[in-house]
$ cat start_22.txt   # compact mmCIF, C-alpha atoms and all ligand atoms
# COMPACT_ATOMS: atom_id res chain seq x y z
CA LEU V 1 25.70 -5.23 -6.59
CA ALA V 2 27.08 -8.04 -8.77
CA ARG V 3 27.11 -8.95 -12.42
CA HIS V 4 25.63 -12.42 -12.54
CA GLY V 5 26.38 -13.15 -16.20
CA GLY V 6 25.50 -11.69 -19.60
CA ASP V 7 23.21 -8.74 -19.10
CA GLU V 8 22.02 -9.87 -15.66
CA LEU V 9 22.84 -8.06 -12.46
CA VAL V 10 21.99 -9.03 -8.90
CA VAL V 11 21.22 -6.46 -6.22
CA VAL V 12 21.12 -7.63 -2.61
CA LEU V 13 19.26 -5.34 -0.21
CA LYS V 14 19.67 -5.94 3.52
CA ASP V 15 17.59 -4.95 6.53
CA LEU V 16 14.59 -3.90 4.50
CA GLY V 17 12.12 -3.88 7.37
CA ALA V 18 10.59 -5.74 10.23
CA THR V 19 7.58 -7.19 8.36
CA PRO V 20 7.36 -8.76 4.87
CA ALA V 21 5.02 -5.95 3.81
CA GLU V 22 7.51 -3.34 4.88
CA ALA V 23 10.32 -5.18 3.08
CA ALA V 24 8.22 -5.42 -0.08
CA ALA V 25 7.47 -1.72 -0.04
CA ARG V 26 11.15 -0.83 0.32
CA ALA V 27 12.21 -3.29 -2.40
CA GLU V 28 9.58 -1.83 -4.69
CA GLU V 29 10.91 1.65 -4.03
CA ALA V 30 14.44 0.53 -4.92
CA ALA V 31 13.22 -1.10 -8.14
CA GLN V 32 11.40 2.05 -9.13
CA LYS V 33 14.54 4.13 -8.57
CA MET V 34 16.55 1.82 -10.81
CA LEU V 35 13.93 1.90 -13.55
CA GLN V 36 13.85 5.68 -13.32
CA ALA V 37 17.64 5.89 -13.59
CA MET V 38 17.63 3.67 -16.69
CA ARG V 39 15.16 5.93 -18.45
CA ALA V 40 17.85 8.52 -19.21
CA PRO V 41 19.77 8.04 -22.48
CA PHE V 42 23.45 7.05 -22.31
CA VAL V 43 26.15 8.71 -24.37
CA ILE V 44 29.12 6.46 -25.04
CA ASP V 45 32.29 8.01 -26.50
CA GLY V 46 30.35 11.05 -27.61
CA GLY V 47 28.24 8.97 -30.03
CA GLU V 48 24.47 8.95 -30.52
CA PRO V 49 22.52 8.79 -27.25
CA ARG V 50 21.50 5.19 -26.53
CA HIS V 51 18.46 3.90 -24.71
CA SER V 52 18.31 0.80 -22.64
CA THR V 53 15.56 -0.92 -20.70
CA LEU V 54 15.55 -2.80 -17.44
CA SER V 55 13.42 -5.68 -16.20
CA VAL V 56 13.49 -6.30 -12.45
CA GLY V 57 12.47 -9.48 -10.65
CA ILE V 58 12.15 -9.33 -6.88
CA ALA V 59 12.31 -12.23 -4.41
CA ILE V 60 12.13 -11.61 -0.69
CA PHE V 61 13.94 -13.72 1.88
CA GLN V 62 11.39 -14.59 4.53
CA GLY V 63 13.85 -15.96 7.06
CA GLN V 64 12.65 -19.56 6.64
CA HIS V 65 14.59 -22.29 4.91
CA GLU V 66 15.32 -20.66 1.57
CA SER V 67 18.81 -21.05 0.18
CA ALA V 68 20.59 -18.34 -1.76
CA ASP V 69 20.18 -20.47 -4.88
CA GLU V 70 16.44 -20.70 -4.36
CA LEU V 71 16.23 -16.96 -3.88
CA LEU V 72 18.18 -16.32 -7.07
CA LYS V 73 15.99 -18.74 -8.99
CA ARG V 74 12.85 -16.97 -7.78
CA SER V 75 14.12 -13.52 -8.69
CA ASP V 76 15.06 -14.90 -12.10
CA MET V 77 11.52 -16.21 -12.69
CA ALA V 78 10.08 -12.88 -11.58
CA MET V 79 12.46 -11.05 -13.92
CA TYR V 80 11.37 -13.27 -16.76
CA GLU V 81 7.74 -12.31 -16.08
CA ALA V 82 8.71 -8.63 -16.07
CA LYS V 83 10.32 -9.12 -19.50
CA ARG V 84 7.30 -10.96 -20.76
CA ALA V 85 5.07 -8.12 -19.65
CA GLY V 86 7.03 -5.81 -21.93
CA ARG V 87 10.21 -4.70 -20.12
CA GLN V 88 10.95 -1.55 -18.17
CA GLN V 89 9.01 -2.87 -15.18
CA TYR V 90 9.35 -5.00 -12.05
CA ARG V 91 7.61 -8.11 -10.77
CA PHE V 92 7.54 -9.87 -7.40
CA PHE V 93 8.02 -13.61 -7.35
CA SER V 94 4.81 -15.58 -6.81
CA PRO V 95 4.47 -19.37 -6.41
CA GLU V 96 2.44 -19.72 -9.66
CA MET V 97 5.55 -18.65 -11.55
CA ASN V 98 7.08 -22.02 -10.68
CA GLY V 99 4.60 -23.83 -12.91
CA ARG V 100 5.12 -21.50 -15.85
CA ALA V 101 8.89 -21.77 -15.57
CA ARG V 102 8.62 -25.53 -15.60
CA SER V 103 6.53 -25.61 -18.77
CA ARG V 104 9.00 -23.24 -20.39
CA LEU V 105 11.85 -25.59 -19.53
CA MET V 106 9.93 -28.53 -20.98
CA LEU V 107 9.23 -26.67 -24.19
CA GLU V 108 12.86 -25.61 -24.44
CA GLU V 109 13.91 -29.20 -23.97
CA SER V 110 11.58 -30.61 -26.63
CA LEU V 111 12.54 -27.86 -29.04
CA ARG V 112 16.22 -28.67 -28.65
CA HIS V 113 15.41 -32.33 -29.33
CA ALA V 114 13.30 -31.44 -32.32
CA ILE V 115 16.13 -29.41 -33.87
CA GLU V 116 18.68 -32.14 -33.20
CA GLN V 117 16.45 -34.88 -34.60
CA ASP V 118 15.42 -32.90 -37.71
CA ASP V 119 11.77 -32.82 -36.71
CA PHE V 120 11.35 -29.40 -38.25
CA VAL V 121 10.92 -29.05 -42.01
CA LEU V 122 10.27 -26.19 -44.37
CA VAL V 123 7.59 -26.47 -47.02
CA TYR V 124 7.48 -24.12 -49.98
CA GLN V 125 4.36 -22.40 -51.28
CA PRO V 126 4.56 -21.14 -54.90
CA GLN V 127 3.89 -17.49 -55.68
CA ILE V 128 2.47 -16.88 -59.16
CA GLU V 129 2.41 -13.74 -61.31
CA LEU V 130 -1.26 -13.14 -62.04
CA ALA V 131 -0.86 -11.71 -65.54
CA THR V 132 1.32 -14.49 -66.94
CA GLY V 133 1.18 -17.55 -64.69
CA ARG V 134 4.96 -17.32 -64.23
CA LEU V 135 6.48 -18.67 -61.00
CA ARG V 136 7.78 -15.69 -59.01
CA GLY V 137 9.21 -17.66 -56.12
CA PHE V 138 8.35 -19.63 -53.00
CA GLU V 139 7.43 -18.70 -49.46
CA ALA V 140 9.10 -20.99 -46.92
CA LEU V 141 6.68 -22.17 -44.22
CA LEU V 142 7.72 -24.02 -41.11
CA ARG V 143 6.29 -27.41 -40.07
CA TRP V 144 6.96 -29.42 -36.93
CA GLU V 145 6.70 -33.15 -37.66
CA HIS V 146 6.06 -34.24 -34.09
CA ARG V 147 6.64 -37.94 -33.37
CA VAL V 148 3.46 -38.25 -31.35
CA ALA V 149 1.25 -35.32 -32.25
CA GLY V 150 1.81 -35.45 -36.03
CA THR V 151 2.32 -32.30 -38.09
CA ILE V 152 1.91 -29.19 -35.97
CA SER V 153 1.21 -25.90 -37.69
CA PRO V 154 3.30 -22.82 -36.89
CA GLY V 155 0.20 -20.93 -35.74
CA VAL V 156 0.28 -23.20 -32.69
CA PHE V 157 3.93 -23.18 -31.68
CA ILE V 158 5.40 -19.95 -33.04
CA PRO V 159 3.61 -17.80 -30.43
CA LEU V 160 5.14 -20.05 -27.74
CA LEU V 161 8.57 -19.78 -29.28
CA GLU V 162 8.13 -16.03 -29.47
CA GLU V 163 7.14 -15.76 -25.86
CA THR V 164 10.14 -17.76 -24.70
CA ARG V 165 12.51 -16.16 -27.25
CA LEU V 166 13.37 -19.65 -28.48
CA ILE V 167 12.39 -18.46 -31.96
CA ASN V 168 15.89 -17.05 -32.35
CA ARG V 169 17.49 -20.50 -32.15
CA LEU V 170 15.07 -21.94 -34.64
CA GLY V 171 15.25 -18.79 -36.77
CA GLU V 172 18.89 -19.41 -37.61
CA TRP V 173 18.03 -22.92 -38.72
CA ILE V 174 15.18 -21.61 -40.91
CA PHE V 175 17.40 -19.01 -42.60
CA ASP V 176 20.07 -21.61 -43.25
CA GLN V 177 17.70 -24.22 -44.70
CA GLY V 178 15.75 -21.78 -46.83
CA VAL V 179 18.74 -19.98 -48.32
CA ARG V 180 20.55 -23.25 -49.00
CA GLN V 181 17.46 -24.60 -50.81
CA CYS V 182 17.02 -21.49 -52.92
CA GLN V 183 20.65 -21.68 -54.00
CA ALA V 184 20.25 -25.39 -54.80
CA TRP V 185 17.34 -24.46 -57.11
CA ARG V 186 19.54 -22.15 -59.17
CA GLU V 187 19.91 -24.66 -62.04
CA ARG V 188 16.26 -25.58 -61.99
CA PHE V 189 14.61 -22.17 -61.61
CA GLY V 190 17.32 -19.62 -62.44
CA GLU V 191 18.59 -16.57 -60.60
CA GLN V 192 15.31 -14.69 -60.70
CA LEU V 193 13.61 -17.07 -58.28
CA LEU V 194 12.67 -15.36 -55.02
CA LEU V 195 12.59 -16.95 -51.61
CA SER V 196 10.35 -15.39 -48.97
CA LEU V 197 11.21 -16.00 -45.34
CA ASN V 198 8.96 -15.06 -42.44
CA VAL V 199 10.55 -13.01 -39.70
CA SER V 200 8.60 -12.85 -36.43
CA PRO V 201 8.40 -9.69 -34.31
CA VAL V 202 10.99 -11.01 -31.85
CA GLN V 203 13.36 -11.92 -34.69
CA PHE V 204 12.87 -8.52 -36.28
CA GLY V 205 13.75 -6.86 -32.99
CA MET V 206 17.11 -8.64 -32.69
CA PRO V 207 20.15 -6.50 -33.43
CA GLN V 208 22.00 -9.37 -35.14
CA LEU V 209 19.25 -10.13 -37.70
CA VAL V 210 21.08 -8.51 -40.60
CA ALA V 211 24.43 -10.03 -39.67
CA ASP V 212 22.80 -13.49 -39.49
CA LEU V 213 21.20 -13.06 -42.91
CA ARG V 214 24.43 -11.74 -44.44
CA ARG V 215 26.29 -14.75 -43.12
CA VAL V 216 23.89 -17.37 -44.53
CA LEU V 217 23.80 -15.59 -47.89
CA GLU V 218 27.60 -15.71 -47.99
CA VAL V 219 27.85 -19.29 -46.78
CA HIS V 220 25.49 -20.53 -49.51
CA GLY V 221 26.50 -17.99 -52.15
CA LEU V 222 22.97 -16.68 -52.76
CA GLN V 223 22.42 -13.16 -54.09
CA ALA V 224 20.69 -10.94 -51.55
CA SER V 225 18.25 -9.79 -54.24
CA GLN V 226 16.76 -13.30 -54.34
CA LEU V 227 15.72 -13.09 -50.70
CA GLU V 228 12.58 -11.40 -49.42
CA VAL V 229 11.86 -11.06 -45.71
CA GLU V 230 8.24 -10.88 -44.59
CA VAL V 231 7.48 -8.83 -41.51
CA THR V 232 4.11 -7.99 -40.02
CA GLU V 233 2.86 -4.51 -39.26
CA SER V 234 3.02 -5.20 -35.54
CA ALA V 235 6.72 -6.07 -35.85
CA LEU V 236 7.35 -2.69 -37.50
CA MET V 237 5.36 -0.82 -34.87
CA GLN V 238 7.29 -2.17 -31.84
CA ASP V 239 9.84 0.60 -31.72
CA LEU V 240 10.13 3.09 -34.54
CA ASP V 241 13.84 3.92 -34.12
CA THR V 242 14.82 0.26 -34.12
CA THR V 243 12.56 -0.40 -37.10
CA ARG V 244 14.04 2.41 -39.15
CA GLU V 245 17.56 1.21 -38.43
CA GLN V 246 16.74 -2.44 -39.08
CA LEU V 247 15.04 -1.63 -42.41
CA ARG V 248 17.95 0.59 -43.45
CA GLN V 249 20.41 -2.23 -42.81
CA LEU V 250 18.23 -4.81 -44.60
CA ARG V 251 18.08 -2.50 -47.58
CA GLN V 252 21.81 -1.99 -47.52
CA LEU V 253 22.25 -5.76 -47.51
CA GLY V 254 20.05 -5.82 -50.64
CA VAL V 255 17.20 -8.09 -49.57
CA ARG V 256 13.58 -7.29 -50.42
CA ILE V 257 11.11 -6.35 -47.71
CA ALA V 258 7.45 -7.42 -47.67
CA ILE V 259 4.68 -6.53 -45.24
CA ASP V 260 2.83 -9.72 -44.33
CA ASP V 261 -0.89 -9.84 -43.45
CA PHE V 262 -1.27 -6.26 -44.62
CA GLY V 263 -4.47 -4.66 -43.41
CA THR V 264 -4.84 -6.57 -40.16
CA GLY V 265 -2.29 -4.83 -37.95
CA TYR V 266 -2.07 -1.22 -36.93
CA SER V 267 -2.19 -0.27 -40.62
CA SER V 268 -0.73 3.15 -40.04
CA LEU V 269 -0.37 4.49 -43.56
CA ALA V 270 2.33 6.87 -42.31
CA TYR V 271 4.90 4.09 -42.25
CA LEU V 272 4.38 3.42 -45.96
CA ARG V 273 5.74 6.91 -46.46
CA HIS V 274 8.63 6.64 -44.01
CA PHE V 275 9.87 3.14 -44.69
CA GLU V 276 11.24 1.81 -47.96
CA LEU V 277 9.44 -1.41 -48.80
CA ASP V 278 9.03 -3.66 -51.84
CA THR V 279 5.90 -5.73 -51.38
CA LEU V 280 2.50 -5.69 -49.69
CA LYS V 281 0.84 -9.02 -48.96
CA ILE V 282 -2.92 -8.66 -48.59
CA ASP V 283 -4.17 -10.76 -45.69
CA ARG V 284 -6.13 -13.80 -46.74
CA LEU V 285 -9.19 -12.84 -44.68
CA PHE V 286 -9.93 -10.02 -47.13
CA ILE V 287 -9.41 -12.35 -50.10
CA ALA V 288 -11.69 -15.00 -48.58
CA ASN V 289 -14.54 -12.49 -48.22
CA MET V 290 -14.06 -10.12 -51.14
CA LEU V 291 -16.50 -11.78 -53.57
CA ASP V 292 -19.36 -11.66 -51.05
CA SER V 293 -18.60 -8.53 -49.15
CA PRO V 294 -18.43 -5.18 -50.97
CA LYS V 295 -16.43 -3.75 -48.05
CA ASP V 296 -13.75 -6.41 -48.33
CA ALA V 297 -13.68 -5.95 -52.11
CA ALA V 298 -13.21 -2.21 -51.60
CA ILE V 299 -10.34 -2.82 -49.17
CA VAL V 300 -8.62 -5.24 -51.55
CA SER V 301 -8.89 -2.96 -54.58
CA THR V 302 -7.74 0.01 -52.50
CA ILE V 303 -4.65 -1.86 -51.31
CA ILE V 304 -3.89 -2.86 -54.92
CA ASP V 305 -4.17 0.78 -56.05
CA LEU V 306 -2.13 1.97 -53.08
CA GLY V 307 0.58 -0.49 -54.03
CA HIS V 308 0.61 0.71 -57.64
CA HIS V 309 0.85 4.35 -56.62
CA LEU V 310 3.70 3.65 -54.22
CA GLY V 311 5.55 1.42 -56.69
CA LEU V 312 5.08 -1.72 -54.58
CA GLU V 313 4.35 -5.24 -55.68
CA VAL V 314 1.06 -6.55 -54.27
CA ILE V 315 0.58 -10.22 -53.42
CA ALA V 316 -2.86 -11.64 -52.66
CA GLU V 317 -2.60 -14.39 -50.03
CA GLY V 318 -4.96 -17.33 -49.62
CA VAL V 319 -6.43 -17.41 -53.14
CA GLU V 320 -8.53 -20.56 -53.29
CA THR V 321 -10.85 -20.23 -56.31
CA LEU V 322 -10.69 -19.33 -60.00
CA GLU V 323 -13.31 -16.62 -59.35
CA GLN V 324 -11.02 -14.95 -56.81
CA ARG V 325 -8.10 -15.20 -59.24
CA ASP V 326 -10.09 -13.65 -62.08
CA TRP V 327 -11.31 -10.83 -59.87
CA LEU V 328 -7.70 -10.10 -58.87
CA ILE V 329 -6.54 -10.15 -62.51
CA ALA V 330 -9.34 -7.74 -63.43
CA HIS V 331 -8.19 -5.45 -60.61
CA HIS V 332 -4.54 -5.59 -61.72
CA CYS V 333 -3.12 -7.32 -58.67
CA THR V 334 0.47 -8.41 -59.39
CA THR V 335 0.92 -11.75 -57.68
CA MET V 336 -1.01 -14.52 -55.92
CA GLN V 337 -0.41 -17.33 -53.53
CA GLY V 338 -2.91 -19.89 -52.29
CA PHE V 339 -4.45 -23.33 -52.37
CA LEU V 340 -5.83 -22.66 -55.89
CA VAL V 341 -2.28 -23.30 -57.08
CA ALA V 342 -0.69 -25.24 -54.21
CA PRO V 343 -0.28 -25.42 -50.44
CA GLY V 344 3.21 -25.42 -48.93
CA LEU V 345 5.02 -28.24 -50.80
CA PRO V 346 7.78 -30.56 -49.58
CA VAL V 347 11.12 -29.85 -51.33
CA ALA V 348 10.77 -32.77 -53.75
CA ARG V 349 7.40 -31.55 -55.02
CA ALA V 350 8.41 -27.90 -55.12
CA SER V 351 11.47 -28.89 -57.19
CA THR V 352 9.28 -30.24 -59.99
CA PHE V 353 6.90 -27.28 -59.94
CA PRO V 354 6.55 -25.71 -63.43
CA THR V 355 8.29 -22.36 -64.02
CA ARG V 356 5.14 -21.16 -65.78
CA LEU V 357 1.60 -22.41 -65.32
CA ASP V 358 -0.82 -22.98 -68.15
CA TRP V 359 -2.81 -20.19 -66.60
CA SER V 360 -5.75 -19.68 -68.97
CA SER V 361 -6.88 -23.29 -68.64
CA TRP V 362 -5.75 -23.79 -65.04
CA GLN V 363 -7.88 -26.08 -62.90
CA PRO V 364 -7.08 -26.90 -59.28
CA ASP V 365 -6.37 -30.65 -59.15
CA GLU V 366 -8.13 -31.21 -55.83
CA PRO V 367 -10.60 -29.34 -53.71
CA PRO V 368 -8.78 -26.90 -51.37
CA HIS V 369 -6.57 -28.92 -49.06
CA SER V 370 -4.74 -27.85 -46.00
CA SER V 371 -0.95 -27.61 -46.05
P1 LIG Z 401 1.78 -16.29 -43.20
O1 LIG Z 401 3.21 -15.92 -43.38
O2 LIG Z 401 0.77 -15.25 -43.49
O3 LIG Z 401 1.57 -17.59 -44.07
C1 LIG Z 401 0.41 -17.87 -44.78
C2 LIG Z 401 -0.39 -18.96 -44.09
O4 LIG Z 401 -1.58 -19.18 -44.85
C3 LIG Z 401 0.33 -20.31 -44.06
O5 LIG Z 401 -0.08 -20.96 -42.88
C4 LIG Z 401 -0.25 -21.02 -45.30
O6 LIG Z 401 -0.18 -22.41 -45.23
C5 LIG Z 401 -1.67 -20.52 -45.26
N1 LIG Z 401 -2.27 -20.53 -46.59
C6 LIG Z 401 -1.66 -20.37 -47.77
N2 LIG Z 401 -2.56 -20.40 -48.79
C7 LIG Z 401 -3.77 -20.57 -48.21
C8 LIG Z 401 -5.11 -20.67 -48.76
O7 LIG Z 401 -5.35 -20.60 -49.96
N3 LIG Z 401 -6.12 -20.82 -47.86
C9 LIG Z 401 -5.89 -20.89 -46.52
N4 LIG Z 401 -6.93 -21.06 -45.71
N5 LIG Z 401 -4.65 -20.80 -45.98
C10 LIG Z 401 -3.60 -20.64 -46.84
P2 LIG Z 401 0.95 -21.64 -41.93
O8 LIG Z 401 2.01 -22.34 -42.70
O9 LIG Z 401 0.15 -22.42 -40.91
O10 LIG Z 401 1.64 -20.41 -41.21
C11 LIG Z 401 0.98 -19.57 -40.32
C12 LIG Z 401 1.85 -18.42 -39.93
O11 LIG Z 401 2.98 -18.85 -39.15
C13 LIG Z 401 2.46 -17.70 -41.12
O12 LIG Z 401 1.55 -16.79 -41.67
C14 LIG Z 401 3.66 -17.03 -40.49
O13 LIG Z 401 3.28 -15.82 -39.85
C15 LIG Z 401 4.08 -18.02 -39.43
N6 LIG Z 401 5.22 -18.78 -39.97
C16 LIG Z 401 5.24 -19.81 -40.85
N7 LIG Z 401 6.49 -20.22 -41.10
C17 LIG Z 401 7.30 -19.42 -40.37
C18 LIG Z 401 8.74 -19.33 -40.21
O14 LIG Z 401 9.52 -20.06 -40.82
N8 LIG Z 401 9.21 -18.36 -39.37
C19 LIG Z 401 8.37 -17.51 -38.70
N9 LIG Z 401 8.91 -16.57 -37.91
N10 LIG Z 401 7.04 -17.55 -38.85
C20 LIG Z 401 6.50 -18.50 -39.66
MG MG Z 402 4.25 -14.95 -44.63
MG MG Z 403 0.27 -13.72 -44.33
$ encode --input "start_22.txt" --output "structure tokens"
Amino acid sequence: LARHGGDELVVVLKDLGATPAEAAARAEEAAQKMLQAMRAPFVIDGGEPRHSTLSVGIAIFQGQHESADELLKRSDMAMYEAKRAGRQQYRFFSPEMNGRARSRLMLEESLRHAIEQDDFVLVYQPQIELATGRLRGFEALLRWEHRVAGTISPGVFIPLLEETRLINRLGEWIFDQGVRQCQAWRERFGEQLLLSLNVSPVQFGMPQLVADLRRVLEVHGLQASQLEVEVTESALMQDLDTTREQLRQLRQLGVRIAIDDFGTGYSSLAYLRHFELDTLKIDRLFIANMLDSPKDAAIVSTIIDLGHHLGLEVIAEGVETLEQRDWLIAHHCTTMQGFLVAPGLPVARASTFPTRLDWSSWQPDEPPHSS
């Protein structure tokens, strides 16, 4: 048994059997034993019991021309697949894994380039208070200005970054850029301006999230109360103990917490009781359909009421028409965001955005455009 680096261990099993099938069965047995052993909680220095998970990748030496390096590489790919499948399991190496590992390496490579060459930018979508037309803040949205493919939307590449955990590298860059920008807007928009940052499920699951946020707030001198993090319901539902602890620490830091795409995830109302939150963002699908579909309208007005009763701010996402805005005002929704006002704007255009809109005579300047 050897520690190979970081949190990776290598187990070498000898003389597993006469045939490959026999060897595989014995290796599988060993992996199962290890997984079983890791299921028990650990107590360190008499503290709280801690849980850990294990992902096992298995490569079998077939007695041909494989080198030790090759064998290690294969077990590593298999382990990666086990992680991808959700941890606490094992996988055998298979030749198709080679292809997937190669595309992961290519993506990693182009991502590193993109960060170095400033190919990523943040755009800022205004959030408007429905009653007054006042600018509440901006949501930072990521764009990849690809040299060949043009602007790529995050819906395309964030799932890939999530899958490969590369989101963490980019995440630090996003926090830094966004917080720096919000601080730079202090003169222009004042200290009430909020900045919303999206935090993906993988980012939310990282133990150092709060430390990272604290550091960028300190570096740029921004008050924590000006920052809102947006998490989705599925991020909260990953692991309830971790979620509770992460939310407690975020709260202690003093940032606001919003649930993004509310209504589309697991929507367990129990967590609204257990977790302390600030904002619900109604998913834009409901907003898009609410004027034609009585069911969608009922869902939207119920979420608005729920928010009021729980003391939460409610933001309607994806508002594209004056009719939708007026319906939301009539139903006492607090805040809106959407193409009716603006898509995600480059810094220069966001900087000249008015602090209050002339709301009663507001007309969208162009038909809905994509950001
Ligand atoms: P989201 O956080 O729910 O962001 C809202 C999405 O709706 C954005 O798409 C925005 O451009 C789009 N949108 C805003 N108003 C309207 C409207 O009136 N009509 C329509 N049809 N769409 C509207 P975008 O920028 O493509 O982002 C997609 C998702 O990618 C985001 O959903 C968010 O989950 C994720 N994302 C974006 N930026 C980041 C980031 O910096 N970090 C992370 N982790 N995720 C991000
Ligand atoms: Mg969002
Ligand atoms: Mg959303």
$ residues_near_ligand --input "start_22.txt" --ligand "ligand MG 403 (chain Z)" --cutoff "10 Å" --atoms "only C-alpha atoms and all ligand atoms" --output "PDB file with C-alpha atoms, in the frame of the given file"
ATOM      1  CA  ASN V 198       8.960 -15.060 -42.440  1.00  0.00           C
ATOM      2  CA  GLU V 230       8.240 -10.880 -44.590  1.00  0.00           C
ATOM      3  CA  VAL V 231       7.480  -8.830 -41.510  1.00  0.00           C
ATOM      4  CA  THR V 232       4.110  -7.990 -40.020  1.00  0.00           C
ATOM      5  CA  ILE V 259       4.680  -6.530 -45.240  1.00  0.00           C
ATOM      6  CA  ASP V 260       2.830  -9.720 -44.330  1.00  0.00           C
ATOM      7  CA  ASP V 261      -0.890  -9.840 -43.450  1.00  0.00           C
ATOM      8  CA  PHE V 262      -1.270  -6.260 -44.620  1.00  0.00           C
ATOM      9  CA  THR V 264      -4.840  -6.570 -40.160  1.00  0.00           C
ATOM     10  CA  LEU V 280       2.500  -5.690 -49.690  1.00  0.00           C
ATOM     11  CA  LYS V 281       0.840  -9.020 -48.960  1.00  0.00           C
ATOM     12  CA  ILE V 282      -2.920  -8.660 -48.590  1.00  0.00           C
ATOM     13  CA  ASP V 283      -4.170 -10.760 -45.690  1.00  0.00           C
ATOM     14  CA  ARG V 284      -6.130 -13.800 -46.740  1.00  0.00           C
ATOM     15  CA  LEU V 285      -9.190 -12.840 -44.680  1.00  0.00           C
ATOM     16  CA  ILE V 315       0.580 -10.220 -53.420  1.00  0.00           C
ATOM     17  CA  ALA V 316      -2.860 -11.640 -52.660  1.00  0.00           C
ATOM     18  CA  GLU V 317      -2.600 -14.390 -50.030  1.00  0.00           C
ATOM     19  CA  GLY V 318      -4.960 -17.330 -49.620  1.00  0.00           C
ATOM     20  CA  GLN V 337      -0.410 -17.330 -53.530  1.00  0.00           C
TER      21      GLN V 337
END
$ residues_around --input "start_22.txt" --residues "Ala18 of chain V" --least-positions-apart "5" --cutoff "12 Å" --atoms "only C-alpha atoms" --output "list in words"
Ala23, Ala24, Ala25, Arg26, Gln62 and Gly63 of chain V
$ closest_residue --input "start_22.txt" --among "V:Ile158, V:Val121, V:Ala131, V:Met206" --to "His332 of chain V" --atoms "only C-alpha atoms"
V:Ala131
$ residues_near_ligand --input "start_22.txt" --ligand "ligand LIG 401 (chain Z)" --cutoff "6 Å" --atoms "all atoms listed in the file" --output "JSON, numbers by chain"
{"V": [141, 142, 153, 154, 155, 174, 198, 199, 200, 260, 261, 318, 319, 320, 338, 339, 343, 344, 371]}
$ closest_residue --input "start_22.txt" --among "V:Arg273, V:His146, V:Arg188, V:His331" --to "Val300 of chain V" --atoms "only C-alpha atoms"
V:His331
$ residues_near_point --input "start_22.txt" --point "(12.5, -5.0, -6.3)" --cutoff "12 Å" --atoms "all atoms listed in the file" --output "VMD selection string"
chain V and resid 10 to 13 16 23 to 35 54 to 60 75 to 76 78 to 79 82 89 to 93
$ write_last_selection --input "start_22.txt" --atoms "C-alpha atoms" --output "PDB file, in the coordinates of the input"
ATOM      1  CA  VAL V  10      21.990  -9.030  -8.900  1.00  0.00           C
ATOM      2  CA  VAL V  11      21.220  -6.460  -6.220  1.00  0.00           C
ATOM      3  CA  VAL V  12      21.120  -7.630  -2.610  1.00  0.00           C
ATOM      4  CA  LEU V  13      19.260  -5.340  -0.210  1.00  0.00           C
ATOM      5  CA  LEU V  16      14.590  -3.900   4.500  1.00  0.00           C
ATOM      6  CA  ALA V  23      10.320  -5.180   3.080  1.00  0.00           C
ATOM      7  CA  ALA V  24       8.220  -5.420  -0.080  1.00  0.00           C
ATOM      8  CA  ALA V  25       7.470  -1.720  -0.040  1.00  0.00           C
ATOM      9  CA  ARG V  26      11.150  -0.830   0.320  1.00  0.00           C
ATOM     10  CA  ALA V  27      12.210  -3.290  -2.400  1.00  0.00           C
ATOM     11  CA  GLU V  28       9.580  -1.830  -4.690  1.00  0.00           C
ATOM     12  CA  GLU V  29      10.910   1.650  -4.030  1.00  0.00           C
ATOM     13  CA  ALA V  30      14.440   0.530  -4.920  1.00  0.00           C
ATOM     14  CA  ALA V  31      13.220  -1.100  -8.140  1.00  0.00           C
ATOM     15  CA  GLN V  32      11.400   2.050  -9.130  1.00  0.00           C
ATOM     16  CA  LYS V  33      14.540   4.130  -8.570  1.00  0.00           C
ATOM     17  CA  MET V  34      16.550   1.820 -10.810  1.00  0.00           C
ATOM     18  CA  LEU V  35      13.930   1.900 -13.550  1.00  0.00           C
ATOM     19  CA  LEU V  54      15.550  -2.800 -17.440  1.00  0.00           C
ATOM     20  CA  SER V  55      13.420  -5.680 -16.200  1.00  0.00           C
ATOM     21  CA  VAL V  56      13.490  -6.300 -12.450  1.00  0.00           C
ATOM     22  CA  GLY V  57      12.470  -9.480 -10.650  1.00  0.00           C
ATOM     23  CA  ILE V  58      12.150  -9.330  -6.880  1.00  0.00           C
ATOM     24  CA  ALA V  59      12.310 -12.230  -4.410  1.00  0.00           C
ATOM     25  CA  ILE V  60      12.130 -11.610  -0.690  1.00  0.00           C
ATOM     26  CA  SER V  75      14.120 -13.520  -8.690  1.00  0.00           C
ATOM     27  CA  ASP V  76      15.060 -14.900 -12.100  1.00  0.00           C
ATOM     28  CA  ALA V  78      10.080 -12.880 -11.580  1.00  0.00           C
ATOM     29  CA  MET V  79      12.460 -11.050 -13.920  1.00  0.00           C
ATOM     30  CA  ALA V  82       8.710  -8.630 -16.070  1.00  0.00           C
ATOM     31  CA  GLN V  89       9.010  -2.870 -15.180  1.00  0.00           C
ATOM     32  CA  TYR V  90       9.350  -5.000 -12.050  1.00  0.00           C
ATOM     33  CA  ARG V  91       7.610  -8.110 -10.770  1.00  0.00           C
ATOM     34  CA  PHE V  92       7.540  -9.870  -7.400  1.00  0.00           C
ATOM     35  CA  PHE V  93       8.020 -13.610  -7.350  1.00  0.00           C
TER      36      PHE V  93
END
$ residues_around --input "start_22.txt" --residues "Gly150 of chain V" --least-positions-apart "6" --cutoff "12 Å" --atoms "only C-alpha atoms" --output "list in words"
Asp119, Phe120, Arg143 and Trp144 of chain V
$ residues_around --input "start_22.txt" --residues "His274 of chain V" --least-positions-apart "3" --cutoff "12 Å" --atoms "all atoms listed in the file" --output "list in words"
Leu236, Leu240, Asp241, Thr243, Arg244, Glu245, Leu247, Arg248, Ser268, Leu269, Ala270, Tyr271, Leu277 and Leu310 of chain V
